[in-house]
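The block underneath contains the structure these notes are about, expressed in structure tokens.
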Amino acid sequence: MAVVRPLWANPTEAAVQMVFEREDTPITVYGLQLTAQAPVTYETRRLTPGSDPVLHLFDADGRQVAVDDNGAGNRAARITYTPAGSGAFRLLVRARNGLSTGGAVIYKDGVPMAPAAAVGGAFVNLANLRAAEEIATAVLPRRGDQNRHRSSHGLYLISNDGLGIDKQATESAGMGPRMAFPDAIAARTVMVAQLIHVRTPQPAPTGDWVVPTVPGGPVRVMRNDVALAGHDPDKDGLGSELERELGTCAALNPRDHRDNHNCAFEARDTDGDGIGDGWEVLGRAHPLGLSQPLPVWGANPRHKDLFIEADFMRRTKQENLDAVKLRMSPAAVREFAVVFGDGLTTDPADQSNNARAVRNPDLRPGISVHIDTGAAALNPDEVTIHGDWGGYTSVDAIQGDKDDGGVTKHTDGTFWKGVRAQDSWKKNMLQARRGIFRYALSYGTGGGSTGEGFTSSYNFLDGRNAVHETGHSMGLDHAAPFSAPQAARGVNCKPNYPSVMNYAFYGDSRFGFSDGRQQPSLNNARLSEFQAVKSPDSPASVRYMDVLSSVYGYQVDQAQGHVDWNRDGQYAPQGTTVPAYANYQPGGDCEYTRHNQVPLKASVTPGAAANGRTSRPPALARIGNRLYAFWVNGGRLWYAYSTSPWDCQEIGTGCGRWQEVRRTDMAADGGVDAERVRVRFNGSSAEQVLVVTIDGSGKIWERRINSAAGGYQWSRREQVPGGVGLGPPSLAATGDGSNVYLVYKNPVHRLMQNRLVTYIGWTGEKYLRVQDGSSSGATFTSNVNASPGLAYTFLPSAPGVKALYGIFAPFTYDVRNGVPVVYAYDETADRWRMTDVIEGAQPLYGRPATAWQPSGSASEYPGRFYLVYPTMAAGNEPGPLAMLMTYKKGPDQPEKVGVRAAFDNAWLLSYGVDLIFEPGADTNLRALFASAFDASGSVKTQLYFRPKADGINDYEYTNYNDWHTLRLGLCRHVTNPAGDISNPIKCRP
């Protein structure tokens, strides 16, 4: 930290120099045992060129009993001394002044001692020291010195004759020694030096010596006027005159509203990082060797500092037994420091803007990072960024219950999990670090999960994950600060927020924290495609269009600023808008389908359960003004219905409700599907909901819900003719709804099909056959974990023609195994033809869900086809829900079903899902899904309904300045995490 013009001082006030920068070349102190009445002589020989050593002999009480310079002639020193009593003594070897440093060999009674002596010291001439004034020192970092925080230093008051030492003070653990003066002193010299302690010097053969090559490092010597009456109004341990020269706040000044310091709010913390100026300038002294030498770790009271203790979380019993010690990697630390230091910003104007936002008194951007990783920095330029600073701990895993989230089973049958960071720090972080360090309890795989607060947990081998989770702890959500409204916080992946907190930019090393500038606001309900980007030639617009193209895959006209938000291959004309999921990132986890989500709960009828739960795909169907939900629980069919329109006008918790959760007597172990159908009779027709289930023995059953004047009535249960079914069935009504197709697997996973003519009956079970060039076609064997899906819809294989399609996942011995493929049904030939309309799909778990959403209200076509399904995770378990949709890369490009992304995020694992959209009834795509696990990893087969499953929310979202939030969040939570610090640093609200 350079000495700067004060923030608060009167510019006309005469100032005494209070701060001196020096190099603390080392001196050597030998421990001696002398015998009473036995004369002894020590002298210096073999001086290095230019050195002029001075010898000092001190007794056990620290009294100087002998001193000499040049007594042996030609700048060599000699002491002869006869002790009155036996005991411990110290021989100190220093340079006469700052220009005579070097080395020498010490001879005792004519015999050389090893090791040789470093002859050094840094000297400061002081004038007119006032009574009660203190000399304080701070050890500063030295490039490449991994152990400077462990060094010992001495401070010495040189006698008036320039030879003797009148007073001395020492400190260890990287702390700078201090010296107080009760009485005024006119003019004296002080020496500060790094100490080389030789506790037991040994005789050495002639020539067997090497002068120590310990280099000096920077040290700051300060006149601290703190004890002078009225000189420390802010009570931070620094005197007003010293603070004037350091450029820190000396007193609270409510009228000083300059925004680059904290003097008007909390004078003890000039830079507002939550760490007091006194600690940043002098370090935090603590008994028992627990002092915190902040200056040697790079603390600066005029620039915000982020200190973190990064401990390792053992998560298994085996890691306990193996005493595993994993540490944050240097590469991860480096990336972490670059992002927090604003090192990814290269434009000077942007750097200046960010510096104003973070409000560092030194006017530089970014936050300085200092992480105790428990491992020394190997790069000499990183000794203030990370190191082994005495706090690292490997925290043992604890035993848990098998139903706990995140547990691992040991070979002995016990279950183990990692300790929570919010519990670990209270035991494993030194109390001396409270008010300075944040706490991270981390591991070496996966991601993280952190809320705002003092602690965090993340993968500390992944620098961006560490940055992201630490950003959460400092107040940033995925789209806005935690303090922002929920609607603003929930727009993950928004293109106009280029931040590492945003999932769309999280994995892109080009982006750090957002500066909140130069990005237009967006509203997914009304997006202008024509000249969506204004001033397309400006550097900011060029960067923005590059993001839209490279990160989101949008078709962009770089010259005109047009953006194809709805991915239909063309730009909507000037003056029009389109609805689209603008913050949908292919391959991403954008979460914007979750708003207004509600768990399927309802008023409970006798014998019913309060919540919808299932480990099978649910089903949705509408008849009249009722939207029905069907699911399987305990081997029985359950249902509920809703009459709410679910036209949620505001982002929130929901805008409708479900009613009448009931269990039926219909067996449904294998699964359920439902479809609205039309029945013709006596020249008229009526709508029904056809419900088909497969029971535990493989029998297939149907029931229907009829809409009548007296209400909604269920028909009696009837068996569907055919063989044995396996897993969830799939239904699709074609034409006017009177022809219904049913597809399911048989016990050997071959697909079977049946057809219902609603006014006649079922036509009979038969093998589903795909075209293979033969007249008979080939049967289709499904992947064992996948079930078939059907859709009567529009697809790119026959543009503008509504037809029946199947989404089937084959069993193969190659990479196609389980990957869904679209088959088009040829009713005339009774064959299914494979298409290539899907791209980028992942293996399917369970049954896929589909829906068609028209672009407008005038006609069914054009529009968008949606495909959502659970992916298959390791161990043939349910994985995250994948979402695909039709899109075109350009006007002359073929339409495809692709741009796959997570329906929510990678942690929403699901047993199944269903979709519905009906023009005139639905404003948005609706989805009902069964979650497989909750956020902690516990099994939780809860049903959830999403009324905005297409991500099209009528909400205007914009960019945010992360640096503003980080500036405030850096201070919060760190100043007093346990509530046991009296009068802690105050943080801005």
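Order determines the names: the first chain of the structure tokens is A, the second B, and so forth; residues in each chain are numbered 1 upward, and ligands are numbered 1 upward as they are shown.
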
Exercise. Pick out the residues sitting within 10 Å of Arg90 in chain A, and hand them over as number ranges by chain; count only C-alpha atoms, and ignore anything fewer than 2 positions along from it in its own chain.
Key: A: 29-34, 56-60, 62-64, 88, 92-93, 197-199

Self-check item: Residues within 8 Å of range 689-692 of chain A, only C-alpha atoms, excluding chain neighbours under 4 positions, as a list in words
Solution: Ala621, Arg622, Ile623, Val672, Asp673, Ala674, Glu675, Arg676, Val677, Ile700, Trp701, Glu702, Arg703, Arg704, Ile705, Asn706 and Pro729 of chain A

Quiz item: Restricting the calculation to only C-alpha atoms, which member of A:Trp638, A:Tyr581, A:Phe865, A:Tyr911 is positioned closest to Ile838 in chain A?
Solution: A:Phe865

Exercise. Would you please give, as a ChimeraX atom specification, all residues of range 239-389 of chain A that DSSP assigns to alpha helix (DSSP H) based on the backbone?
Key: /A:240-246,277-282,317-321,330-340,348-358

Quiz item: So which bits of range 295-493 of chain A end up strand (DSSP E or B) when you DSSP the backbone, as a PyMOL selection string?
Solution: chain A and resi 305-313+368-372+386-387+394-395+398-400+408-409+415-417+437-443+455-456+459+476+481

How about saving the chosen residues, C-alpha atoms kept, as a PDB file, in the first residue's frame?
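What follows is the written file selection21.pdb:
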```pdb
ATOM      1  CA  ASP A 305     -10.005  -7.495   0.810  1.00  0.00           C
ATOM      2  CA  LEU A 306     -11.712 -10.887   0.834  1.00  0.00           C
ATOM      3  CA  PHE A 307     -10.123 -13.369   3.263  1.00  0.00           C
ATOM      4  CA  ILE A 308     -11.289 -16.989   3.154  1.00  0.00           C
ATOM      5  CA  GLU A 309     -10.298 -20.087   5.079  1.00  0.00           C
ATOM      6  CA  ALA A 310     -10.837 -23.011   2.698  1.00  0.00           C
ATOM      7  CA  ASP A 311     -11.154 -26.245   4.677  1.00  0.00           C
ATOM      8  CA  PHE A 312     -11.725 -29.708   3.229  1.00  0.00           C
ATOM      9  CA  MET A 313     -14.960 -31.591   3.798  1.00  0.00           C
ATOM     10  CA  SER A 368      -8.318  -8.506  -3.497  1.00  0.00           C
ATOM     11  CA  VAL A 369      -8.460 -12.195  -2.637  1.00  0.00           C
ATOM     12  CA  HIS A 370      -6.507 -13.948   0.140  1.00  0.00           C
ATOM     13  CA  ILE A 371      -7.258 -17.658   0.711  1.00  0.00           C
ATOM     14  CA  ASP A 372      -5.750 -19.902   3.360  1.00  0.00           C
ATOM     15  CA  HIS A 386      -3.089 -18.046  -1.178  1.00  0.00           C
ATOM     16  CA  GLY A 387      -0.843 -19.980   1.153  1.00  0.00           C
ATOM     17  CA  SER A 394      -9.625 -31.546   7.006  1.00  0.00           C
ATOM     18  CA  VAL A 395     -13.017 -31.976   8.640  1.00  0.00           C
ATOM     19  CA  ILE A 398     -20.096 -37.699  10.341  1.00  0.00           C
ATOM     20  CA  GLN A 399     -22.445 -40.643  10.497  1.00  0.00           C
ATOM     21  CA  GLY A 400     -25.936 -40.042   9.180  1.00  0.00           C
ATOM     22  CA  THR A 408     -22.684 -42.391   1.246  1.00  0.00           C
ATOM     23  CA  LYS A 409     -22.939 -46.004   2.358  1.00  0.00           C
ATOM     24  CA  PHE A 415     -24.091 -44.077   6.175  1.00  0.00           C
ATOM     25  CA  TRP A 416     -21.828 -41.014   6.211  1.00  0.00           C
ATOM     26  CA  LYS A 417     -22.007 -37.399   5.100  1.00  0.00           C
ATOM     27  CA  PHE A 437     -11.994 -14.410   7.375  1.00  0.00           C
ATOM     28  CA  ARG A 438     -15.002 -15.970   5.746  1.00  0.00           C
ATOM     29  CA  TYR A 439     -15.283 -19.750   5.921  1.00  0.00           C
ATOM     30  CA  ALA A 440     -15.543 -22.276   3.103  1.00  0.00           C
ATOM     31  CA  LEU A 441     -15.921 -26.017   3.662  1.00  0.00           C
ATOM     32  CA  SER A 442     -15.321 -27.589   0.295  1.00  0.00           C
ATOM     33  CA  TYR A 443     -14.600 -30.759  -1.635  1.00  0.00           C
ATOM     34  CA  THR A 455     -20.075 -19.703   5.034  1.00  0.00           C
ATOM     35  CA  SER A 456     -20.030 -21.399   1.665  1.00  0.00           C
ATOM     36  CA  ASN A 459     -15.884 -27.673  -5.457  1.00  0.00           C
ATOM     37  CA  LEU A 476     -25.973 -12.510  -5.402  1.00  0.00           C
ATOM     38  CA  PRO A 481     -29.284  -9.711  -5.697  1.00  0.00           C
TER      39      PRO A 481
END
```

Need to verify the contact set: His472 in chain A, 6 Å, only C-alpha atoms, exclusion of same-chain residues closer than 4 positions in sequence. Can you return it as a PDB file with C-alpha atoms, in the first residue's frame?
```pdb
ATOM      1  CA  GLY A 451     -27.082 -19.125   0.332  1.00  0.00           C
ATOM      2  CA  GLU A 452     -26.262 -15.649   1.531  1.00  0.00           C
ATOM      3  CA  LEU A 476     -25.973 -12.510  -5.402  1.00  0.00           C
ATOM      4  CA  ASP A 477     -28.623 -14.869  -6.754  1.00  0.00           C
TER       5      ASP A 477
END
```

Exercise. Would you mind listing what lies within 8 Å of Asn876 in chain A as a list of chain:residue names, with only C-alpha atoms counted and same-chain residues fewer than 4 positions away left out?
Key: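 After dropping sequence-adjacent residues, the list is A:Asn785, A:Tyr845, A:Met872.
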
Practice problem: Please measure the separation of CA of Ser859 in chain A and CA of Thr593 in chain A, giving the value in Å to one decimal. | Solution: 25.1 Å

Self-check item: Interatomic distance (Å, one decimal) between CA of Thr653 in chain A and CA of Leu925 in chain A
Solution: 17.1 Å

Quiz item: Do you know which residues are at most 12 Å from Ser776 in chain A counting only C-alpha atoms, after dropping those on the same chain fewer than 6 positions away, and could you put them as a PyMOL selection string?
Solution: chain A and resi 767-770+829-832

Quiz prompt | 6 Å contact set for His562 in chain A, only C-alpha atoms, chain neighbours under 5 positions out, as a PyMOL selection string | solution = chain A and resi 529-532+556-557

Practice problem: For each of A:Gln585, A:Thr923, A:Asn983, A:Asn524, take the minimum atom-to-atom distance to Cys648 in chain A, counting only C-alpha atoms, then give the residue where this is smallest. | Solution: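 Of all the options, A:Thr923 lies closest to Cys648 in chain A.
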
Spatial neighbours of Leu363 in chain A, 10 Å, only C-alpha atoms, chain gap at least 3 places, as an mmCIF file with N, CA and C atoms, in the first residue's frame:
```cif
data_model
loop_
_atom_site.group_PDB
_atom_site.id
_atom_site.type_symbol
_atom_site.label_atom_id
_atom_site.label_comp_id
_atom_site.auth_asym_id
_atom_site.auth_seq_id
_atom_site.Cartn_x
_atom_site.Cartn_y
_atom_site.Cartn_z
ATOM 1 N N ASN A 260 -16.020 7.159 -2.524
ATOM 2 C CA ASN A 260 -14.938 6.185 -2.629
ATOM 3 C C ASN A 260 -14.339 5.835 -1.279
ATOM 4 N N HIS A 261 -15.010 6.189 -0.203
ATOM 5 C CA HIS A 261 -14.546 5.775 1.117
ATOM 6 C C HIS A 261 -15.729 5.748 2.068
ATOM 7 N N ARG A 302 -7.172 0.573 2.035
ATOM 8 C CA ARG A 302 -7.733 1.428 0.994
ATOM 9 C C ARG A 302 -8.219 0.627 -0.215
ATOM 10 N N HIS A 303 -8.287 -0.683 -0.075
ATOM 11 C CA HIS A 303 -8.789 -1.533 -1.161
ATOM 12 C C HIS A 303 -9.452 -2.754 -0.530
ATOM 13 N N SER A 352 -13.108 1.608 -15.160
ATOM 14 C CA SER A 352 -13.400 2.802 -14.373
ATOM 15 C C SER A 352 -14.800 2.733 -13.783
ATOM 16 N N ASN A 354 -16.494 0.012 -13.084
ATOM 17 C CA ASN A 354 -16.508 -0.997 -12.028
ATOM 18 C C ASN A 354 -15.819 -0.500 -10.767
ATOM 19 N N ALA A 355 -14.764 0.289 -10.939
ATOM 20 C CA ALA A 355 -14.088 0.854 -9.775
ATOM 21 C C ALA A 355 -15.019 1.781 -9.010
ATOM 22 N N ARG A 356 -15.813 2.563 -9.723
ATOM 23 C CA ARG A 356 -16.776 3.435 -9.050
ATOM 24 C C ARG A 356 -17.826 2.623 -8.307
ATOM 25 N N VAL A 358 -17.509 -0.472 -6.996
ATOM 26 C CA VAL A 358 -16.992 -1.181 -5.827
ATOM 27 C C VAL A 358 -16.483 -0.215 -4.763
ATOM 28 N N ARG A 359 -16.206 1.053 -5.158
ATOM 29 C CA ARG A 359 -15.871 2.126 -4.227
ATOM 30 C C ARG A 359 -14.635 1.839 -3.385
ATOM 31 N N ASN A 360 -13.557 1.509 -4.036
ATOM 32 C CA ASN A 360 -12.283 1.393 -3.332
ATOM 33 C C ASN A 360 -11.667 2.774 -3.176
ATOM 34 N N GLY A 366 -12.120 -3.964 -8.490
ATOM 35 C CA GLY A 366 -11.972 -5.319 -7.974
ATOM 36 C C GLY A 366 -11.820 -5.433 -6.477
#
```

Quiz item: Could you work out how far CA of Met501 in chain A lies from CA of Glu469 in chain A, giving the answer in Å with one decimal?
Solution: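 Taking CA of Glu469 in chain A as the start and CA of Met501 in chain A as the end point, the length is 8.3 Å.
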
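Nearest to Gly276 in chain A of all the residues A:Gly237, A:Ser152, A:Asn596, A:Gly507 is A:Gly237, counting only C-alpha atoms.
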